[in-house]
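Quick notes on the structure that follows.
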Amino acid sequence: MAITRSQATISDKPLTFETGKFAAQAGGAVTVRYGDTVVFAAGTVSKSTRPNIDFFPLTVDFEERLYAAGKIPGSFPRREGRPSEEGILTARLVDRPIRPLWPKGFRNDVQIVVSAWSSDQENDYDVLAVNAASAALHISNAPFEGPIGCVRVGTVDGKLFLNPTIQQLLDSDLNLVVAGTKDSIMMVEAGAKQISEDTLVEALALAQQGIAKLCLAQEELRRAAGKPKLTPAPIARDEGKLGPVHQFFADRLRAKLRNPDKALREAGMDEVRDEALAKFVVEGGAITPDEVKAEWESVLEHEFRTAVVDENLRPDGRGTKDIRPLSIEVGVLPRTHGSGLFRRGQTQVLSICTLGPSGDEQIIDTLSPVDSKRYMHHYNFPPYSVGEVRMMRGAGRREIGHGALAERALFPVIPLKEEFPYTIRVVSETLESNGSSSMASTCGSTLALMDAGVPIKTMIAGIAMGLVLQDGKYTVLTDIQGLEDHYGDMDFKVCGSDSGITALQMDIKVKGITLDIMRDALAQAREARLFILQEMRQVLDAPRAELNKYAPRIDTVKINPDKIRDIIGPGGKMIRAIQSESGTNIEVEDDGTIRITGAKPEGREKARQMIEGLTKEVEVGEIFEGKVTRIMSIGAFVEYLPGKEGLVRVSEISSERIGRIEDALTVGDKVKVKVAEVDRQGRVNLS
């Protein structure tokens, strides 16, 4: 098979698509190269439809291969295992903009496998993964309604810039990933240092220019190497048979849908569905249960969308900009370092903050040049939060994605390590959910951090926005709940402070939205965010002045870096002894900074004294209280400071003549000694 290439230029660097060299049996296989970072993607569609399912079976896997960065995995088997959080987030990044672009009712299995084959540690692979997956599907036989392009926008020297390098991102005020078609936006993911809404819209406009170039390059690749597309079977609906079912639901569901209580609303809608099943599904009849349920879904969606767009009426009776009732508490748990309970309507999240020494930082073994993480946010979503029963098998992709969003939102306001030398972990427990639990976890986590006494720079809140598009009209919804997320067209989460945005995540179900819609949604989100921040300030308006009494304290000691070896000791013997005797944790940095972590002040003070003793430069004439450690023929060795010994010669033991040293001293005796001499080799003689 001939090798085919196409190319787009992004920020004066070529981004190259190539097919025909690898994986000829896949539906479509493409490599994307940008600098020396190379990403491979294969997209394959099954030949037949999977029966008896009511969802689109799309699977995206990102294979994180550490050889791409010249690394050997640090795990015991020395091979890649379960995907890292970074790998899972990359897979989600690929999935989200691709999923909406398929024919309605398409039920063939589609699998996308993306692998990072080479990583130059300069150009990130995640945006390349989205482009590679899109190109692989676009040239394949899959009826993918793309292509899409994906770019990153940052700031370089204060100006917006497409696809900045990993190093440039470290100083950037914005890390924005945008995916979309040639003329509309499909997905947005961002972290920012409190940027304005206007700057964000400007960045989105710049992103669209880059996306258009990438889409054109993929279309060129398809013209040269594309396969004929599958033609999905049309969805057949018998109006004569199903019309009465549709009318049955239309007459009954509207009132049930408008019940403001989630549990009662769902019970009422289920009651109508079950009544229809009993009425229309009879033994030997022509109507199946699946057809009844499909009509039920269709009527529900129509009633919801019509009420929102034509009447500005939401299921719970709120206006389009109204926020559900809020309930906020702090200090909920007595022995944790900090806690915050945030409720918005029927969504309730408990966030808990834990502080630890820098040795508790998360070690990262991925393709990223970052090898540790000091601030972590973990999100949990147990089944009881939505009244369900299911197996619990640890954090799934959704939980990891929501945790990463809240972590990104708060990261810009976390104090620097030099100002606050703690490792920080926040865990958000979703106790009840009816939409927007990730944004509740952001608000709860701000409260938990402040309750623990973490000096965050400012408060952060989050809000989830929705959208309903119908008949050329659109309505933006503030604080969407579960039903509005399910039947609406957009889930747009915005986090930030009074000053600006710190995190953003947008997913849509339609084939793209415009910048005007984005601008309206951002403006409406800002109003909601400011209101929530004001409500949070009524409960706690600043970080507590003191750390929680159960949080460990960290004392810092600065020593001469040449003395670090004295603190460590042979094989780490001395530092282990200090930790054991003082009940503290000791961390030593190359510049001579030593951090002593412990809950008890007396333990930290003992460790400080031991460290100062080991590093102290003694002077002739100084007097110490010491302990005899060894007796030899020439005299006795006395430990005058922790870990430091000096020799008391026989002639210096007493003013009177002694025959045997043991007649005057024994091992373990406490004696007062004076420094008589420090020789050129640093050896101390005592008297």
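Chain identifiers are assigned as A, B, and so on, following the order in which chains appear in the structure tokens; residues are numbered from 1 within each chain, and ligands are numbered from 1 in order of appearance.
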Q | Per-residue DSSP, range 408-614 of chain A, filtered to helix (DSSP H, G or I), as a PyMOL selection string | A | chain A and resi 408-413+437-452+482-487+515-537+561-568+570-582+601-614
For range 35-38 of chain A, work out the shell of residues within 7 Å, counting only C-alpha atoms and skipping chain neighbours fewer than 2 positions away, then give it as a short mmCIF file (atom, residue, chain, number, x, y, z; two decimals) with N, CA, C and O atoms, in the first residue's frame.
data_model
loop_
_atom_site.label_atom_id
_atom_site.label_comp_id
_atom_site.auth_asym_id
_atom_site.auth_seq_id
_atom_site.Cartn_x
_atom_site.Cartn_y
_atom_site.Cartn_z
N THR A 31 -0.60 8.01 11.43
CA THR A 31 0.33 8.60 12.40
C THR A 31 0.32 10.11 12.21
O THR A 31 0.17 10.61 11.10
N VAL A 32 0.48 10.80 13.31
CA VAL A 32 0.58 12.26 13.31
C VAL A 32 1.90 12.63 13.96
O VAL A 32 2.22 12.14 15.05
N ARG A 33 2.66 13.49 13.28
CA ARG A 33 3.95 13.93 13.82
C ARG A 33 3.97 15.44 13.94
O ARG A 33 3.60 16.16 13.02
N PHE A 40 0.16 7.42 17.01
CA PHE A 40 -0.50 6.50 16.06
C PHE A 40 -1.93 6.25 16.52
O PHE A 40 -2.20 6.11 17.72
N ALA A 116 1.01 6.63 21.88
CA ALA A 116 2.11 7.60 21.73
C ALA A 116 3.38 6.79 21.46
O ALA A 116 3.83 6.02 22.30
N TRP A 117 3.95 6.95 20.29
CA TRP A 117 5.11 6.17 19.89
C TRP A 117 6.42 6.90 20.13
O TRP A 117 7.46 6.27 20.31
N SER A 118 6.39 8.21 20.10
CA SER A 118 7.61 8.98 20.34
C SER A 118 7.21 10.29 21.01
O SER A 118 6.27 10.95 20.57
N SER A 119 7.92 10.64 22.08
CA SER A 119 7.62 11.87 22.81
C SER A 119 8.90 12.68 22.97
O SER A 119 9.86 12.22 23.61
N ASP A 120 8.92 13.88 22.38
CA ASP A 120 10.15 14.68 22.43
C ASP A 120 10.24 15.55 23.68
O ASP A 120 11.17 16.35 23.82
N ASN A 123 6.66 18.77 22.66
CA ASN A 123 5.32 18.90 22.09
C ASN A 123 4.43 17.84 22.70
O ASN A 123 4.72 16.64 22.60
N TYR A 125 1.46 15.22 23.51
CA TYR A 125 0.86 14.23 22.61
C TYR A 125 -0.66 14.21 22.66
O TYR A 125 -1.30 13.62 21.80
#
Q) Near range 273-281 of chain A, counting only C-alpha atoms, which residues have an atom at most 7 Å away, once you skip same-chain residues fewer than 5 positions from it, shown as a PyMOL selection string? A) chain A and resi 287-289+292+296
With 8 Å as the cut-off and only C-alpha atoms counted, what is the closest atom pair between each nearby residue of range 27-133 of chain A and range 379-401 of chain A? Distances in Å to one decimal, ordered by chain and number, as a tab-separated table.
residue	atom	partner	partner_atom	distance
A:Glu85	CA	A:Ile400	CA	6.7
A:Ile88	CA	A:Arg397	CA	6.4
A:Leu89	CA	A:Gly401	CA	6.3
A:Arg92	CA	A:Arg397	CA	7.6
How would the residues just picked look written out with N, CA and C atoms as a tab-separated table (two decimals), in the first residue's frame?
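Contents of selection.tsv, freshly written:
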chain	number	residue	atom	x	y	z
A	85	GLU	N	-3.65	8.11	35.29
A	85	GLU	CA	-4.68	9.15	35.19
A	85	GLU	C	-4.47	9.98	33.94
A	88	ILE	N	-5.81	8.05	31.00
A	88	ILE	CA	-7.27	8.03	31.01
A	88	ILE	C	-7.83	9.37	30.54
A	89	LEU	N	-7.23	10.46	31.02
A	89	LEU	CA	-7.70	11.78	30.61
A	89	LEU	C	-7.48	12.01	29.12
A	92	ARG	N	-10.28	10.19	27.32
A	92	ARG	CA	-11.51	10.99	27.41
A	92	ARG	C	-11.47	12.17	26.45
Q | Non-local contacts of Glu605 in chain A (10 Å; only C-alpha atoms; under 6 positions in same chain excluded) as a list in words | A |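 Near Glu605 in chain A, the qualifying residues are Asp555, Ser582, Thr584, Ile596, Gly598 and Ile611 of chain A.
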(Q) Env of range 516-533 of chain A: 8 Å cut, atoms = only C-alpha atoms, seq-sep filter 6 positions within chain, self excluded. Answer as an MDAnalysis selection string. (A) chainID A and resid 197 201 321 323 459:465 476 478 494:498
Write out, as an mmCIF file, in the first residue's frame, the residues just selected, with N, CA and C atoms.
data_model
loop_
_atom_site.group_PDB
_atom_site.id
_atom_site.type_symbol
_atom_site.label_atom_id
_atom_site.label_comp_id
_atom_site.auth_asym_id
_atom_site.auth_seq_id
_atom_site.Cartn_x
_atom_site.Cartn_y
_atom_site.Cartn_z
ATOM 1 N N GLU A 197 -13.414 36.400 30.594
ATOM 2 C CA GLU A 197 -14.246 35.752 29.584
ATOM 3 C C GLU A 197 -13.908 36.255 28.186
ATOM 4 N N VAL A 201 -12.792 33.946 24.888
ATOM 5 C CA VAL A 201 -13.459 33.948 23.582
ATOM 6 C C VAL A 201 -12.450 34.246 22.472
ATOM 7 N N LYS A 321 -31.939 31.349 34.498
ATOM 8 C CA LYS A 321 -30.740 31.789 35.201
ATOM 9 C C LYS A 321 -30.757 31.474 36.693
ATOM 10 N N ILE A 323 -30.493 29.567 40.238
ATOM 11 C CA ILE A 323 -29.674 28.535 40.874
ATOM 12 C C ILE A 323 -30.506 27.858 41.950
ATOM 13 N N MET A 459 -10.925 32.558 46.668
ATOM 14 C CA MET A 459 -11.935 31.501 46.657
ATOM 15 C C MET A 459 -12.333 31.163 45.216
ATOM 16 N N ILE A 460 -12.628 29.881 44.999
ATOM 17 C CA ILE A 460 -13.038 29.384 43.686
ATOM 18 C C ILE A 460 -14.403 28.709 43.806
ATOM 19 N N ALA A 461 -15.267 28.976 42.841
ATOM 20 C CA ALA A 461 -16.572 28.312 42.756
ATOM 21 C C ALA A 461 -16.769 27.809 41.337
ATOM 22 N N GLY A 462 -17.706 26.879 41.177
ATOM 23 C CA GLY A 462 -17.978 26.325 39.859
ATOM 24 C C GLY A 462 -19.465 26.223 39.592
ATOM 25 N N ILE A 463 -19.837 26.280 38.322
ATOM 26 C CA ILE A 463 -21.241 26.177 37.912
ATOM 27 C C ILE A 463 -21.322 25.409 36.606
ATOM 28 N N ALA A 464 -22.359 24.607 36.443
ATOM 29 C CA ALA A 464 -22.572 23.848 35.209
ATOM 30 C C ALA A 464 -23.686 24.499 34.405
ATOM 31 N N MET A 465 -23.376 24.796 33.149
ATOM 32 C CA MET A 465 -24.331 25.441 32.255
ATOM 33 C C MET A 465 -24.834 24.421 31.233
ATOM 34 N N VAL A 476 -29.795 29.116 26.984
ATOM 35 C CA VAL A 476 -28.713 28.713 27.893
ATOM 36 C C VAL A 476 -29.296 28.561 29.294
ATOM 37 N N THR A 478 -28.683 27.885 33.440
ATOM 38 C CA THR A 478 -27.737 27.946 34.557
ATOM 39 C C THR A 478 -28.030 26.828 35.551
ATOM 40 N N VAL A 494 -17.892 25.744 34.276
ATOM 41 C CA VAL A 494 -17.015 26.905 34.383
ATOM 42 C C VAL A 494 -16.657 27.128 35.845
ATOM 43 N N CYS A 495 -15.348 27.208 36.142
ATOM 44 C CA CYS A 495 -14.865 27.446 37.499
ATOM 45 C C CYS A 495 -14.023 28.711 37.513
ATOM 46 N N GLY A 496 -14.060 29.426 38.633
ATOM 47 C CA GLY A 496 -13.227 30.614 38.714
ATOM 48 C C GLY A 496 -13.477 31.413 39.977
ATOM 49 N N SER A 497 -12.817 32.566 40.031
ATOM 50 C CA SER A 497 -12.907 33.473 41.160
ATOM 51 C C SER A 497 -13.686 34.716 40.749
ATOM 52 N N ASP A 498 -13.661 35.739 41.602
ATOM 53 C CA ASP A 498 -14.241 37.024 41.214
ATOM 54 C C ASP A 498 -13.500 37.617 40.029
#
Q: Can you list, as a ChimeraX atom specification, all residues belonging to range 187-326 of chain A that DSSP tags as strand (DSSP E or B)?
A: /A:187-195,326
(Q) Residues within 10 Å of Val650 in chain A, please, as an NGL selection string. Count only C-alpha atoms; anything in the same chain fewer than 4 positions from it doesn't count. (A) :A and (632-636 or 654 or 657-661 or 664 or 687)
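Using only C-alpha atoms, the nearest neighbour of Thr90 in chain A within the list A:Ala404, A:Val299, A:Ala8, A:Ala676 is A:Ala404.
For Leu216 in chain A, the list of residues within 10 Å, based on only C-alpha atoms and with local chain neighbours fewer than 5 positions off taken out, reads Ser6, Gln7, Ala8, Pro147, Ile148, Gly149, Thr181, Lys182, Ile211, Leu221 and Arg222 of chain A.
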Just-selected residues, all heavy atoms written as a compact mmCIF listing (two decimals), in the first residue's frame:
# COMPACT_ATOMS: atom_id res chain seq x y z
N SER A 6 -0.28 14.23 4.33
CA SER A 6 -0.80 15.59 4.18
C SER A 6 -0.27 16.40 5.36
O SER A 6 0.20 15.84 6.35
CB SER A 6 -2.33 15.61 4.14
OG SER A 6 -2.86 15.17 5.37
N GLN A 7 -0.39 17.70 5.26
CA GLN A 7 0.30 18.53 6.25
C GLN A 7 -0.45 19.82 6.51
O GLN A 7 -1.07 20.40 5.62
CB GLN A 7 1.72 18.84 5.74
CG GLN A 7 2.59 19.63 6.69
CD GLN A 7 4.00 19.78 6.15
OE1 GLN A 7 4.73 18.80 6.02
NE2 GLN A 7 4.38 21.00 5.81
N ALA A 8 -0.41 20.25 7.79
CA ALA A 8 -0.90 21.57 8.18
C ALA A 8 0.21 22.26 8.96
O ALA A 8 0.99 21.59 9.65
CB ALA A 8 -2.16 21.45 9.03
N PRO A 147 -14.23 15.54 9.42
CA PRO A 147 -13.24 15.37 10.49
C PRO A 147 -13.31 16.48 11.53
O PRO A 147 -14.03 17.47 11.36
CB PRO A 147 -11.91 15.48 9.73
CG PRO A 147 -12.22 16.47 8.64
CD PRO A 147 -13.64 16.17 8.23
N ILE A 148 -12.52 16.29 12.60
CA ILE A 148 -12.34 17.34 13.60
C ILE A 148 -10.84 17.61 13.74
O ILE A 148 -10.01 16.76 13.44
CB ILE A 148 -12.92 16.96 14.97
CG1 ILE A 148 -12.26 15.68 15.52
CG2 ILE A 148 -14.42 16.83 14.91
CD1 ILE A 148 -12.60 15.40 16.97
N GLY A 149 -10.53 18.80 14.16
CA GLY A 149 -9.16 19.16 14.50
C GLY A 149 -9.08 19.52 15.96
O GLY A 149 -10.10 19.83 16.60
N THR A 181 -15.06 21.04 14.40
CA THR A 181 -15.08 20.90 12.95
C THR A 181 -14.56 22.20 12.34
O THR A 181 -14.14 23.11 13.05
CB THR A 181 -16.51 20.62 12.45
OG1 THR A 181 -17.34 21.74 12.80
CG2 THR A 181 -17.07 19.36 13.11
N LYS A 182 -14.59 22.29 11.01
CA LYS A 182 -14.06 23.49 10.34
C LYS A 182 -14.73 24.78 10.81
O LYS A 182 -14.09 25.83 10.85
CB LYS A 182 -14.23 23.36 8.82
CG LYS A 182 -13.18 22.51 8.15
CD LYS A 182 -13.28 22.60 6.64
CE LYS A 182 -14.61 22.09 6.13
NZ LYS A 182 -14.63 22.02 4.64
N ILE A 211 -7.82 24.80 13.89
CA ILE A 211 -8.65 23.62 13.66
C ILE A 211 -9.03 23.51 12.19
O ILE A 211 -9.02 22.41 11.61
CB ILE A 211 -9.90 23.68 14.56
CG1 ILE A 211 -9.51 23.41 16.03
CG2 ILE A 211 -10.97 22.70 14.10
CD1 ILE A 211 -10.62 23.71 17.02
N LEU A 221 -6.08 14.06 2.97
CA LEU A 221 -5.64 12.68 3.17
C LEU A 221 -6.72 11.70 2.72
O LEU A 221 -6.42 10.68 2.10
CB LEU A 221 -5.31 12.47 4.66
CG LEU A 221 -4.54 11.20 5.03
CD1 LEU A 221 -3.09 11.30 4.56
CD2 LEU A 221 -4.58 10.97 6.55
N ARG A 222 -7.97 12.02 3.01
CA ARG A 222 -9.07 11.12 2.62
C ARG A 222 -9.22 11.06 1.10
O ARG A 222 -9.47 9.99 0.54
CB ARG A 222 -10.38 11.55 3.27
CG ARG A 222 -11.55 10.77 2.70
CD ARG A 222 -12.79 10.72 3.53
NE ARG A 222 -13.77 9.91 2.82
CZ ARG A 222 -13.81 8.58 2.81
NH1 ARG A 222 -12.90 7.89 3.46
NH2 ARG A 222 -14.74 7.93 2.13
Q. Looking at A:Phe304, A:Phe161, A:Phe22, A:Tyr640, which one is nearest to Glu484 in chain A, with distances taken over only C-alpha atoms?
A. A:Phe304
(Q) Please determine, counting only C-alpha atoms, which residue among A:Glu639, A:Asp54, A:Glu18, A:Glu656 has the shortest atom-to-atom distance to Gly668 in chain A. (A)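 Once distances to Gly668 in chain A are computed over only C-alpha atoms, the minimum belongs to A:Glu639.
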